[in-house]
Amino acid sequence: MELSFQMVMSQVMLGLNNGVFYAILSLGLAVIFGLLNIVNFAHGALYMLGAYVALLGYTSIGPLIGMPDFHLSYWAALFVAPLVVGAVGIVIEKTMLSRLYKFDHLYGLLLTFGLALIIQGVFTNFFNVSGDPYDAKPETLNGAVNLGFMLFPKYRLWVIIISLLVCFGTWYVIERTKLGSYLRAGTENPELVKAFGINVPLMISLTYGYGVALAAFAGVLAAPIYSVSPVMGSEMIITVFAVVVIGGMGSIMGSIVTGLLLGMVEGFTKVVYAPASSTVIFLIMVMVLLVKPAGLFGRES
Amino acid sequence: MNKILWIILIVLGLVAPFIVYPVFMMKLLCFALFASAFNLLLGYTGLLSFGHAAFFGGASYITGQLVKISGLTPELGILGGTLFAALLGYIVGSLAIRRQGIYFAMVTLALAQIVYFIALKAPFTGGEDGLQGIPRGKLLGMIDLGHVYTVGGSPVALNLYYFVFALFCFGFWIIYRTINSPFGQVLKAIRENEPRAVSLGYKVERFKLMAFVISAALSGMAGSMKSLVFQLASLTDVSWHTSGEVVLMTLLGGVGTVLGPLAGAFTVVTLQSELSSVGSWITVIIGVTFVICVLLFRRGLVGELGRVLKRSL
């Protein structure tokens with residue numbers, strides 16, 4: 001097989017498209033882990049929930065509220081879905097997770113695993129496991145852009161750009177602003193931050209809400225590309241866990257960069273040896289564990 | 001007291017096929033062994049593996065292959081499945097113990113996913129259909145495990161039942177001996193305070209790996225037994241749902257108690273068979289049980305009972 005530059009580049013670009021999803025999701029996991037010290041197993045389910053908010057907002061919400069002509073547009077969904085899912089997240093944190101901080105961190109993982117089963121189970125009962133198409137993609141994002149070496153779908157390019165903006169925006173807020181410095185201080189020493197009169201429990205709730213809102217945002221972005229299905233989250237979350245093991249959750253930038261790189265590696269593998277593309281991230285995880293057990297950006301404990 | 005309890009349990013196990021539906025009983029024994037093997041790791045070493053389905057399901061495929069395609073006798077099939085799980089456990093364990101706590105759980109989950117992909121794609125696993133019609137065969141080439149007796153008017157595969165029961169007792173005995181050996185004491189020390197165990201001079205990594213291999217091997221044995229009982233090895237057995245189920249059984253019964261996994265497996269298997277009519281709502285019910293256990297019930301059924309009776313069970 002001839003490995004043409006074009007072929008490699010087009011798969012790498014498509015891989016980058018997956019990579020931004022890994023980046024947003026692992027970023028959300030890292031933000032949550034930083035402050036709450038739990039791994040949010042429900043992240044995939046909330047990503048799926050975000051996609052369904054967009055889908056149902058477009059197809060079903062109108063008749064439900066007595067306005068049959070109302071359709072939640074794609075642009076509106078990009079705001080509404082994260083808000084709805086973020087609110088769900090805050091409720092989860094306030095009512096359940098907050099009771100577990102004094103126990104072993106594994107309980108947080110187990111609780112969110114249970115929540116993931118509940119959310120996925122409910123949607124499996126009402127929706128088609130093989131997925132429903134989301135047809136609300138805006139006209140302006142149809143068609144393709146000529147990147148010089150290939151024609152790239154406009155929508156995917158939009159997804160890459162907006163995701164990168166959101167990722168680096170989050171990084172900027174956390175690493176470079178006063179709000180972020182509270183957050184980082186809370187990560188290091190919550191007791192001391194409390195002593196300075198900062199409402200740490202509120203900060204924790206909002207952090208969890210923001211983390212899962214990121215997942216919902218990714219879900220809306222994914223809806224026009226992949227079909228919206230109840231199992232889209234569980235397939236995603238296991239891969240993202242591998243990404244997180246490779247990158248380590250200690251660094252915000254680390255999780256973004258790892259996500260992007262692994263997406264591209266996955267795309268590249270599709271050209272070189274397609275059957276391995278679904279497992280390549282896991283195999284890289286094995287190699288990282290052998291060579292640098294703490295992860296690429298992790299601190300040795 | 002303890003002796004009496006054990007005798008009661010063994011007698012119950014011996015007469016069970018005459019009282020309850022034997023396939024239910026055998027399923028229960030398989031999952032009870034699986035959960036007990038898992039508990040050796042979570043309850044007694046403090047390691048949460050989210051990938052134990054790889055050993056359970058992987059071994060069930062191997063046993064299916066050996067018995068159905070290679071025509072080996074069932075005991076050799078089970079031995080093969082168990083050895084495979086032990087080897088896989090050695091590989092997964094060596095990688096996973098390089099990370100601690102939450103990362104350990106994620107690594108095991110991701111590694112188990114590789115096994116799942118292999119089971120999905122490899123030519124010898126039957127893909128989506130799984131391996132069907134695995135023969136039960138003749139134990140040692142003599143005793144027909146498929147033989148059906150008529151008990152109270154309904155057919156019961158008594159030979160198979162007692163074979164499964166014997167294997168369960170053997171596996172459970174190994175776990176019990178491990179927990180109550182000096183080796184088991186070191187595992188508990190690691191669970192309670194790993195740095196302390198290190199400073200006392202124990203090679204913690206080796207102990208963890210050893211516990212992982214024993215746990216994986218016995219989980220594999222449970223999976224091998226399951227493939228003979230249901231004559232089926234399928235993708236469900238290697239999927240993360242199964243890994244989650246065994247976590248739930250252990251949590252629900254009582255992490256770090258000897259009898260907890262049995263109680264947990266009994267509850268979950270009963271729930272599944274009683275609620276089979278609700279179809280996919282079962283996932284929701286399992287999820288809700290998880291949440292309730294974690295929030296209100298961290299000691300589990302047997303743990304709470306032990307607290308009331310003021311003794312460890």
# chains A, B, ... in the order shown; residues from 1 in each chain; ligands from 1

call {"tool": "closest_atom_pairs", "arguments": {"of": "segment 157-253 of chain A", "to": "segment 63-74 of chain A", "cutoff": "10 Å", "atoms": "only C-alpha atoms", "output": "JSON lines"}}
result
{"residue": "A:Val220", "atom": "CA", "partner": "A:Tyr74", "partner_atom": "CA", "distance": 8.0}
{"residue": "A:Leu221", "atom": "CA", "partner": "A:Tyr74", "partner_atom": "CA", "distance": 9.1}
{"residue": "A:Ala223", "atom": "CA", "partner": "A:Tyr74", "partner_atom": "CA", "distance": 9.7}
{"residue": "A:Pro224", "atom": "CA", "partner": "A:Tyr74", "partner_atom": "CA", "distance": 9.4}

call {"tool": "residues_around", "arguments": {"residues": "Val159 of chain A", "least_positions_apart": "4", "cutoff": "12 Å", "atoms": "only C-alpha atoms", "output": "PyMOL selection string"}}
result
chain A and resi 13-14+16-21+24+78+137+141+152-155+163-167+217-225

call {"tool": "write_last_selection", "arguments": {"atoms": "N, CA, C and O atoms", "output": "short mmCIF file (atom, residue, chain, number, x, y, z; two decimals), in the first residue's frame"}}
result
data_model
loop_
_atom_site.label_atom_id
_atom_site.label_comp_id
_atom_site.auth_asym_id
_atom_site.auth_seq_id
_atom_site.Cartn_x
_atom_site.Cartn_y
_atom_site.Cartn_z
N MET A 13 -6.15 14.25 10.39
CA MET A 13 -7.11 15.32 10.68
C MET A 13 -8.39 14.75 11.27
O MET A 13 -8.94 15.28 12.23
N LEU A 14 -8.87 13.63 10.70
CA LEU A 14 -10.06 12.99 11.26
C LEU A 14 -9.77 12.50 12.68
O LEU A 14 -10.62 12.56 13.56
N LEU A 16 -7.64 13.91 14.69
CA LEU A 16 -7.63 15.10 15.54
C LEU A 16 -9.06 15.43 15.97
O LEU A 16 -9.31 15.88 17.09
N ASN A 17 -10.00 15.16 15.07
CA ASN A 17 -11.39 15.36 15.37
C ASN A 17 -11.85 14.51 16.55
O ASN A 17 -12.55 14.97 17.44
N ASN A 18 -11.39 13.22 16.56
CA ASN A 18 -11.66 12.39 17.75
C ASN A 18 -10.88 12.91 18.94
O ASN A 18 -11.36 12.88 20.07
N GLY A 19 -9.65 13.36 18.64
CA GLY A 19 -8.76 13.82 19.70
C GLY A 19 -9.34 14.96 20.51
O GLY A 19 -9.16 15.01 21.73
N VAL A 20 -10.05 15.88 19.85
CA VAL A 20 -10.62 16.99 20.63
C VAL A 20 -11.69 16.49 21.61
O VAL A 20 -11.85 17.03 22.69
N PHE A 21 -12.39 15.42 21.22
CA PHE A 21 -13.36 14.85 22.17
C PHE A 21 -12.63 14.23 23.36
O PHE A 21 -13.03 14.44 24.51
N ILE A 24 -11.46 17.20 25.53
CA ILE A 24 -12.48 17.85 26.37
C ILE A 24 -12.89 16.94 27.52
O ILE A 24 -13.03 17.37 28.66
N LEU A 78 -25.95 24.17 22.12
CA LEU A 78 -24.58 24.28 22.61
C LEU A 78 -24.51 24.97 23.97
O LEU A 78 -23.57 24.77 24.73
N LYS A 137 -28.01 20.02 12.19
CA LYS A 137 -26.74 20.67 11.86
C LYS A 137 -27.02 21.94 11.04
O LYS A 137 -27.74 21.88 10.04
N LEU A 141 -22.70 25.21 8.27
CA LEU A 141 -21.59 24.30 8.53
C LEU A 141 -21.61 23.10 7.58
O LEU A 141 -20.85 22.16 7.76
N PHE A 152 -11.78 19.15 3.64
CA PHE A 152 -12.15 18.73 4.99
C PHE A 152 -13.56 19.23 5.30
O PHE A 152 -13.88 20.39 5.03
N PRO A 153 -14.42 18.35 5.86
CA PRO A 153 -15.79 18.78 6.16
C PRO A 153 -15.79 19.99 7.07
O PRO A 153 -15.09 20.02 8.07
N LYS A 154 -16.59 20.99 6.68
CA LYS A 154 -16.64 22.25 7.42
C LYS A 154 -17.02 22.01 8.88
O LYS A 154 -16.47 22.61 9.79
N TYR A 155 -17.99 21.10 9.07
CA TYR A 155 -18.48 20.90 10.44
C TYR A 155 -17.37 20.38 11.36
O TYR A 155 -17.20 20.83 12.48
N SER A 163 -13.55 23.35 20.00
CA SER A 163 -13.09 22.53 21.12
C SER A 163 -11.75 23.03 21.64
O SER A 163 -11.54 23.11 22.86
N LEU A 164 -10.85 23.36 20.70
CA LEU A 164 -9.55 23.86 21.14
C LEU A 164 -9.72 25.16 21.93
O LEU A 164 -9.07 25.35 22.95
N LEU A 165 -10.63 26.01 21.45
CA LEU A 165 -10.88 27.27 22.17
C LEU A 165 -11.37 26.99 23.59
O LEU A 165 -10.89 27.60 24.56
N VAL A 166 -12.33 26.06 23.70
CA VAL A 166 -12.87 25.75 25.03
C VAL A 166 -11.79 25.15 25.93
O VAL A 166 -11.66 25.52 27.10
N CYS A 167 -11.00 24.23 25.37
CA CYS A 167 -9.93 23.59 26.17
C CYS A 167 -8.94 24.63 26.67
O CYS A 167 -8.62 24.69 27.85
N PHE A 217 -21.16 19.50 26.49
CA PHE A 217 -20.78 20.31 25.33
C PHE A 217 -20.19 19.40 24.25
O PHE A 217 -20.57 19.48 23.07
N ALA A 218 -19.30 18.50 24.67
CA ALA A 218 -18.73 17.55 23.72
C ALA A 218 -19.81 16.67 23.11
O ALA A 218 -19.77 16.36 21.91
N GLY A 219 -20.81 16.32 23.93
CA GLY A 219 -21.90 15.49 23.44
C GLY A 219 -22.67 16.19 22.32
O GLY A 219 -23.02 15.57 21.31
N VAL A 220 -22.95 17.48 22.49
CA VAL A 220 -23.67 18.23 21.45
C VAL A 220 -22.81 18.31 20.18
O VAL A 220 -23.31 18.12 19.07
N LEU A 221 -21.51 18.58 20.36
CA LEU A 221 -20.62 18.64 19.20
C LEU A 221 -20.60 17.31 18.45
O LEU A 221 -20.52 17.26 17.23
N ALA A 222 -20.68 16.22 19.21
CA ALA A 222 -20.59 14.89 18.60
C ALA A 222 -21.88 14.50 17.89
O ALA A 222 -21.85 13.71 16.94
N ALA A 223 -23.01 15.06 18.35
CA ALA A 223 -24.32 14.60 17.86
C ALA A 223 -24.44 14.60 16.33
O ALA A 223 -24.89 13.60 15.75
N PRO A 224 -24.04 15.67 15.60
CA PRO A 224 -24.20 15.62 14.14
C PRO A 224 -23.21 14.68 13.45
O PRO A 224 -23.43 14.31 12.29
N ILE A 225 -22.11 14.31 14.13
CA ILE A 225 -21.09 13.45 13.48
C ILE A 225 -21.44 11.98 13.65
O ILE A 225 -21.52 11.23 12.70
#

call {"tool": "atom_distance", "arguments": {"atom1": "atom CA of Arg299 of chain B", "atom2": "atom CA of Gly253 of chain B"}}
result
8.0 Å

call {"tool": "residues_around", "arguments": {"residues": "Ile102 of chain B", "least_positions_apart": "2", "cutoff": "12 Å", "atoms": "only C-alpha atoms", "output": "PDB file with C-alpha atoms, in the first residue's frame"}}
result
ATOM      1  CA  PHE A  33     -10.268  14.922  39.978  1.00  0.00           C
ATOM      2  CA  ASN A  37     -10.322  13.553  44.198  1.00  0.00           C
ATOM      3  CA  ILE A  38     -12.786  11.271  42.493  1.00  0.00           C
ATOM      4  CA  VAL A  39     -12.796   9.756  39.037  1.00  0.00           C
ATOM      5  CA  ASN A  40     -16.123  10.547  37.485  1.00  0.00           C
ATOM      6  CA  PHE A  41     -17.300   7.292  35.919  1.00  0.00           C
ATOM      7  CA  ASP A 104     -12.022   6.129  50.574  1.00  0.00           C
ATOM      8  CA  HIS A 105     -11.866   7.742  47.137  1.00  0.00           C
ATOM      9  CA  LEU A 106     -12.887   4.473  45.531  1.00  0.00           C
ATOM     10  CA  TYR A 107     -16.443   5.025  46.770  1.00  0.00           C
ATOM     11  CA  GLY A 108     -16.748   8.072  44.497  1.00  0.00           C
ATOM     12  CA  LEU A 109     -15.799   5.886  41.545  1.00  0.00           C
ATOM     13  CA  LEU A 110     -18.334   3.235  42.571  1.00  0.00           C
ATOM     14  CA  PHE A 241      -9.803   6.435  30.981  1.00  0.00           C
ATOM     15  CA  VAL A 244      -6.109   9.710  31.416  1.00  0.00           C
ATOM     16  CA  VAL A 245      -3.852   6.868  32.551  1.00  0.00           C
ATOM     17  CA  GLY A 248      -1.999  11.513  34.245  1.00  0.00           C
ATOM     18  CA  MET A 249      -4.683  13.702  35.780  1.00  0.00           C
TER      19      MET A 249
ATOM     20  CA  GLY B  46      -7.476  -3.205  49.016  1.00  0.00           C
ATOM     21  CA  LEU B  47      -7.144  -3.303  45.234  1.00  0.00           C
ATOM     22  CA  LEU B  48     -10.224  -2.406  43.163  1.00  0.00           C
ATOM     23  CA  SER B  49     -10.057  -4.166  39.821  1.00  0.00           C
ATOM     24  CA  PHE B  50     -12.576  -3.049  37.239  1.00  0.00           C
ATOM     25  CA  ALA B  96      -1.726  -2.634  36.917  1.00  0.00           C
ATOM     26  CA  ILE B  97       0.218  -2.738  40.193  1.00  0.00           C
ATOM     27  CA  ARG B  98       2.481  -0.068  38.764  1.00  0.00           C
ATOM     28  CA  ARG B  99      -0.269   2.398  39.585  1.00  0.00           C
ATOM     29  CA  GLN B 100      -2.221   2.880  42.787  1.00  0.00           C
ATOM     30  CA  PHE B 104      -5.345   0.844  39.309  1.00  0.00           C
ATOM     31  CA  ALA B 105      -9.080   0.580  38.649  1.00  0.00           C
ATOM     32  CA  MET B 106      -8.787   2.464  35.357  1.00  0.00           C
ATOM     33  CA  VAL B 107      -5.808   0.429  34.151  1.00  0.00           C
ATOM     34  CA  THR B 108      -7.563  -2.870  34.821  1.00  0.00           C
ATOM     35  CA  LEU B 109     -10.694  -1.596  33.063  1.00  0.00           C
TER      36      LEU B 109
END

call {"tool": "interface_residues", "arguments": {"of": "chain B", "to": "chain A", "cutoff": "9 Å", "atoms": "only C-alpha atoms", "output": "CSV table (one decimal) with N, CA and C atoms, in the first residue's frame"}}
result
chain,number,residue,atom,x,y,z
B,48,LEU,N,-9.0,-2.3,43.9
B,48,LEU,CA,-10.2,-2.4,43.2
B,48,LEU,C,-9.9,-2.6,41.7
B,95,LEU,N,1.2,-5.2,35.1
B,95,LEU,CA,1.0,-3.8,34.6
B,95,LEU,C,0.3,-2.9,35.6
B,96,ALA,N,-0.8,-3.5,36.1
B,96,ALA,CA,-1.7,-2.6,36.9
B,96,ALA,C,-1.1,-2.2,38.3
B,98,ARG,N,1.6,-1.2,38.9
B,98,ARG,CA,2.5,-0.1,38.8
B,98,ARG,C,1.8,1.2,39.1
B,99,ARG,N,0.5,1.2,39.2
B,99,ARG,CA,-0.3,2.4,39.6
B,99,ARG,C,-1.2,2.1,40.8
B,101,GLY,N,-4.4,2.9,43.6
B,101,GLY,CA,-5.8,3.5,43.9
B,101,GLY,C,-6.7,3.6,42.7
B,102,ILE,N,-7.1,4.8,42.4
B,102,ILE,CA,-8.1,5.0,41.3
B,102,ILE,C,-7.5,4.6,40.0
B,103,TYR,N,-6.2,4.9,39.8
B,103,TYR,CA,-5.5,4.6,38.5
B,103,TYR,C,-5.5,3.0,38.3
B,105,ALA,N,-7.8,1.0,39.2
B,105,ALA,CA,-9.1,0.6,38.6
B,105,ALA,C,-9.2,0.9,37.2
B,106,MET,N,-8.7,2.1,36.8
B,106,MET,CA,-8.8,2.5,35.4
B,106,MET,C,-7.9,1.6,34.5
B,107,VAL,N,-6.7,1.3,34.9
B,107,VAL,CA,-5.8,0.4,34.2
B,107,VAL,C,-6.4,-0.9,33.9
B,109,LEU,N,-9.5,-1.8,34.0
B,109,LEU,CA,-10.7,-1.6,33.1
B,109,LEU,C,-10.2,-1.5,31.6
B,110,ALA,N,-9.2,-0.7,31.4
B,110,ALA,CA,-8.7,-0.5,30.0
B,110,ALA,C,-8.1,-1.8,29.5
B,111,LEU,N,-7.3,-2.5,30.3
B,111,LEU,CA,-6.7,-3.8,29.8
B,111,LEU,C,-7.8,-4.8,29.5
B,113,GLN,N,-10.6,-4.2,28.4
B,113,GLN,CA,-11.2,-3.8,27.2
B,113,GLN,C,-10.4,-4.4,26.0
B,114,ILE,N,-9.1,-4.5,26.1
B,114,ILE,CA,-8.3,-5.1,25.0
B,114,ILE,C,-8.8,-6.6,24.9
B,117,PHE,N,-12.0,-6.6,23.0
B,117,PHE,CA,-11.8,-6.4,21.6
B,117,PHE,C,-11.4,-7.6,20.9
B,244,GLY,N,-18.5,-4.9,36.4
B,244,GLY,CA,-19.2,-4.1,37.4
B,244,GLY,C,-20.1,-4.9,38.3
B,247,VAL,N,-18.2,-6.4,41.1
B,247,VAL,CA,-18.0,-5.4,42.1
B,247,VAL,C,-19.2,-5.2,43.0
B,248,LEU,N,-20.4,-5.1,42.4
B,248,LEU,CA,-21.6,-4.9,43.1
B,248,LEU,C,-21.9,-6.1,44.1
B,279,GLY,N,-36.7,-6.9,31.7
B,279,GLY,CA,-35.8,-6.6,30.5
B,279,GLY,C,-34.7,-5.7,30.9
B,280,SER,N,-34.5,-4.7,30.1
B,280,SER,CA,-33.3,-3.9,30.2
B,280,SER,C,-33.4,-2.9,31.4
B,281,TRP,N,-34.6,-2.9,32.1
B,281,TRP,CA,-34.6,-2.1,33.3
B,281,TRP,C,-33.7,-2.6,34.4
B,282,ILE,N,-33.3,-3.9,34.2
B,282,ILE,CA,-32.4,-4.5,35.2
B,282,ILE,C,-31.1,-3.7,35.4
B,283,THR,N,-30.6,-3.1,34.3
B,283,THR,CA,-29.4,-2.2,34.4
B,283,THR,C,-29.7,-1.1,35.3
B,284,VAL,N,-30.9,-0.5,35.2
B,284,VAL,CA,-31.2,0.6,36.1
B,284,VAL,C,-31.3,0.2,37.6
B,285,ILE,N,-31.9,-1.0,37.8
B,285,ILE,CA,-32.0,-1.5,39.1
B,285,ILE,C,-30.7,-1.8,39.7
B,286,ILE,N,-29.7,-2.4,38.9
B,286,ILE,CA,-28.4,-2.6,39.4
B,286,ILE,C,-27.7,-1.3,39.7
B,287,GLY,N,-27.9,-0.3,38.9
B,287,GLY,CA,-27.3,1.0,39.1
B,287,GLY,C,-27.8,1.6,40.5
B,288,VAL,N,-29.1,1.5,40.7
B,288,VAL,CA,-29.7,2.0,41.9
B,288,VAL,C,-29.2,1.3,43.1
B,289,THR,N,-29.1,0.0,43.0
B,289,THR,CA,-28.5,-0.8,44.1
B,289,THR,C,-27.1,-0.3,44.4
B,290,PHE,N,-26.3,-0.1,43.4
B,290,PHE,CA,-25.0,0.4,43.6
B,290,PHE,C,-25.0,1.7,44.4
B,291,VAL,N,-25.8,2.6,43.9
B,291,VAL,CA,-25.9,4.0,44.6
B,291,VAL,C,-26.3,3.8,46.1
B,292,ILE,N,-27.3,3.0,46.3
B,292,ILE,CA,-27.8,2.8,47.7
B,292,ILE,C,-26.7,2.2,48.5
B,293,CYS,N,-26.0,1.2,48.0
B,293,CYS,CA,-24.9,0.5,48.7
B,293,CYS,C,-23.9,1.5,49.1
B,294,VAL,N,-23.4,2.3,48.2
B,294,VAL,CA,-22.3,3.2,48.4
B,294,VAL,C,-22.7,4.3,49.4
B,295,LEU,N,-24.0,4.8,49.3
B,295,LEU,CA,-24.4,5.9,50.1
B,295,LEU,C,-24.7,5.5,51.6
B,298,ARG,N,-22.3,0.9,53.3
B,298,ARG,CA,-20.9,0.5,52.8
B,298,ARG,C,-20.4,-0.8,53.4

call {"tool": "closest_residue", "arguments": {"among": "B:Thr150, B:Ser224, B:Ser219, B:Thr178", "to": "Tyr44 of chain B", "atoms": "only C-alpha atoms"}}
result
B:Thr178
